[in-house]
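K.L.:
Please see the structure below; I have some questions.
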2 protein chains.
Amino acid sequence: MQPARRPGGRTARVRTAVHEAVLELLREEEWDDVSIAQVAERSGVHQATIYRRWGTLSGLIDDVVYERLSQGSPVPDTGTLRGDIEAYALQVAEDVSGPLAALLMRAGMVGSRGPEGETFLINRGVQLQAMLDRAAARGEQPPTLLELMEVIIAPLYYHAIFFNRPAGPDHARSLVDRLLSLRGSSG
Amino acid sequence: MQPARRPGGRTARVRTAVHEAVLELLREEEWDDVSIAQVAERSGVHQATIYRRWGTLSGLIDDVVYERLSQGSPVPDTGTLRGDIEAYALQVAEDVSGPLAALLMRAGMVGSRGPEGETFLINRGVQLQAMLDRAAARGEQPPTLLELMEVIIAPLYYHAIFFNRPAGPDHARSLVDRLLSLRGSSG
DNA sequence: CGCTTAAAGCAAGAGGCTTCGCGTTAATAT
DNA sequence: ATATTAACGCGAAGCCTCTTGCTTTAAGCG
């Protein structure tokens, strides 16, 4: 029998307050300039509490990332392969913009883990594979998961990181065109 | 008239020692665990000197990155488009592996700047464009710089970051095939 | 409602990071 | 060679990050 946790009420409020403070600060400050002291002041939660619950700033940010990635953006299911991929591409282009992009990068790099230790990336990979399988079941000829990642997702991330700006809907659609045309030309 | 600098002899030695210490430590330790104190001890250079010359660990790493990127890996010139692209792809796959990958990421993200304030990424972009121009001058039909970045470079970075392993020569070559086949199928 | 105790608040203290003043070394100019 | 002074070494001081023991609050349960 586990020692009874109590995630309700106050604990949840503290968690929310801290998370919001982190997100606010990441929008305002430079990445390196965010400190636990700032998070404590902004959230009204005592520093010691943050250190006890999250340990390090990295740990805290991982937690924020996982929460953020878990709740939002389910994998699309529009009924057609093109529709699904396009919707997903637009969604990624959106996510990867803005001040939270660094969070996503971090999530990938350090491999943020959920409560059961699973890497978020794996979860997402499984979901995307299911999306492709649905297309195959409909008789369409979907690309592989690897192709989807390389032709769609990788460029979207690349733009966000190295050009420091998102990829825009039109551009995202052109990537989808490229991916779908691969099926036509090569085996 | 400027107040005479003196970059020779000792200053250069200190710089080299510190740079090597940083590279060694990045190979051994976790990214977050590297401190200026460690760099000082490893290099035999006094902490105060490092603080005076580079200010922060970020500043120091930026300096290392720029040096590293500037000296190594010139853009290939093999005489054929495929040869150039393939050589470059293999080079990037190599660079992006190993423990220095994080440096490259950082270089892109923060936009490490050289002595004249130019972003390294822009330099590299210019060189690559020249490579493509050479192919065009030979009568070949090269892809655009954007296509090169999206189809070759982005996936290589993506692999390194999110799969936490490099992309292997065979895989790099398959990316080249994909890029060159684009010309064939779409305008 | 009252009991138990997980979780947060508080404040003091240790330890590490960063700065500063001063003395020493050695790169450059004459 | 000698003078000049940029750049480094050294140690101490100050500041900030992080930990720790204790107290207070309130979630979960009968």
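FYI, nothing fancy with the structure tokens labels: chains A, B, ... in order, residues from 1 per chain, ligands from 1 as they appear.
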Once you count only C-alpha atoms (C1' of nucleotides), which residues of chain A turn out to be within 12 Å of chain C? Could you give them as a ChimeraX atom specification?
P.N.:
/A:3-15,44-53
K.L.:
May I have the selected residues written with C-alpha atoms, as a JSON list (two decimals), in the first residue's frame?
P.N.:
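Result file follows (selection-v2.json):
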[["chain", "number", "residue", "atom", "x", "y", "z"],
["A", 3, "PRO", "CA", 1.73, 6.22, 1.45],
["A", 4, "ALA", "CA", -1.35, 8.27, 0.64],
["A", 5, "ARG", "CA", -0.62, 11.10, -1.75],
["A", 6, "ARG", "CA", -2.85, 14.13, -1.85],
["A", 7, "PRO", "CA", -2.77, 15.79, -5.22],
["A", 8, "GLY", "CA", -6.00, 17.71, -4.70],
["A", 9, "GLY", "CA", -6.75, 21.28, -3.70],
["A", 10, "ARG", "CA", -3.73, 23.21, -2.59],
["A", 11, "THR", "CA", -1.14, 21.01, -4.24],
["A", 12, "ALA", "CA", -2.87, 21.40, -7.57],
["A", 13, "ARG", "CA", -3.12, 25.16, -7.14],
["A", 14, "VAL", "CA", 0.57, 25.41, -6.38],
["A", 15, "ARG", "CA", 1.39, 23.33, -9.39],
["A", 44, "GLY", "CA", 3.85, 33.41, -5.03],
["A", 45, "VAL", "CA", 5.09, 29.93, -4.14],
["A", 46, "HIS", "CA", 8.02, 29.68, -1.79],
["A", 47, "GLN", "CA", 11.39, 28.75, -3.29],
["A", 48, "ALA", "CA", 11.85, 25.82, -0.96],
["A", 49, "THR", "CA", 8.60, 24.31, -2.19],
["A", 50, "ILE", "CA", 9.77, 24.46, -5.76],
["A", 51, "TYR", "CA", 13.12, 22.94, -4.93],
["A", 52, "ARG", "CA", 11.46, 20.17, -2.97],
["A", 53, "ARG", "CA", 8.92, 19.24, -5.61]]
K.L.:
When distances are computed from only C-alpha atoms (C1' of nucleotides), which of D:DG30, D:DA3, D:DT17, D:DC8 shows the smallest separation from chain A?
P.N.:
D:DT17
K.L.:
Quick one: residues within 12 Å of Glu147 of chain B, only C-alpha atoms (C1' of nucleotides) counted, chain neighbours fewer than 6 positions away excluded, as a ChimeraX atom specification?
P.N.:
/A:151,155,171,174-175,178 /B:85,128-129,132,153-155,175-176,178-183
K.L.:
For atom CA of Glu94 of chain B and atom CA of Pro166 of chain B, determine how far apart the two atoms are, in Å to one decimal place.
P.N.:
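For atom CA of Glu94 of chain B relative to atom CA of Pro166 of chain B, the distance reads 7.3 Å.
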K.L.:
Interatomic distance between atom CA of Leu121 of chain A and atom CA of Tyr88 of chain A?
P.N.:
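A separation of 15.0 Å between them.
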K.L.:
Define the interface residues of chain D facing chain B as those within 10 Å, counting only C-alpha atoms (C1' of nucleotides), and report them as a count of residues only.
P.N.:
6
K.L.:
If DSSP is run on the backbone, what residues of segment 119-178 of chain B are alpha helix (DSSP H)? A reply as an NGL selection string would be ideal.
P.N.:
:B and (120-137 or 145-148 or 154-158 or 169-178)
K.L.:
Next, the residues of the selection above should be written as a short mmCIF file (atom, residue, chain, number, x, y, z; two decimals), in the first residue's frame with C-alpha atoms.
P.N.:
data_model
loop_
_atom_site.label_atom_id
_atom_site.label_comp_id
_atom_site.auth_asym_id
_atom_site.auth_seq_id
_atom_site.Cartn_x
_atom_site.Cartn_y
_atom_site.Cartn_z
CA PHE B 120 27.51 31.72 -38.87
CA LEU B 121 24.42 30.31 -40.47
CA ILE B 122 24.43 33.07 -43.06
CA ASN B 123 28.04 32.41 -43.94
CA ARG B 124 27.32 28.77 -44.40
CA GLY B 125 24.23 29.53 -46.46
CA VAL B 126 26.27 31.68 -48.82
CA GLN B 127 28.85 28.94 -49.26
CA LEU B 128 26.19 26.35 -50.01
CA GLN B 129 24.50 28.63 -52.51
CA ALA B 130 27.85 28.98 -54.25
CA MET B 131 28.09 25.21 -54.41
CA LEU B 132 24.69 25.05 -56.09
CA ASP B 133 25.63 27.86 -58.45
CA ARG B 134 28.69 25.95 -59.56
CA ALA B 135 26.46 23.01 -60.46
CA ALA B 136 24.15 25.27 -62.44
CA ALA B 137 27.14 26.73 -64.27
CA LEU B 145 19.12 26.17 -51.16
CA LEU B 146 15.86 25.82 -49.30
CA GLU B 147 15.27 22.36 -50.73
CA LEU B 148 18.77 21.32 -49.80
CA ALA B 154 16.86 19.18 -41.51
CA PRO B 155 16.40 15.40 -41.34
CA LEU B 156 20.03 14.91 -40.32
CA TYR B 157 19.64 17.34 -37.47
CA TYR B 158 16.30 15.82 -36.58
CA PRO B 169 26.20 7.09 -44.32
CA ASP B 170 23.60 4.92 -46.06
CA HIS B 171 20.79 6.93 -44.71
CA ALA B 172 22.50 10.17 -45.66
CA ARG B 173 22.84 8.86 -49.20
CA SER B 174 19.16 7.95 -49.33
CA LEU B 175 18.35 11.54 -48.47
CA VAL B 176 20.47 12.67 -51.39
CA ASP B 177 18.56 10.32 -53.65
CA ARG B 178 15.33 11.81 -52.45
#
K.L.:
Rounded to one decimal in Å, what is the spacing between atom CA of Arg42 of chain A and atom CA of Leu60 of chain A?
P.N.:
14.7 Å
K.L.:
Find the residues around Val22 of chain B up to 8 Å (only C-alpha atoms (C1' of nucleotides) counted), leave out those fewer than 5 positions away in its own chain, and share them as a list in words.
P.N.:
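In the requested form, the answer reads Val39, Ile61 and Val64 of chain B.
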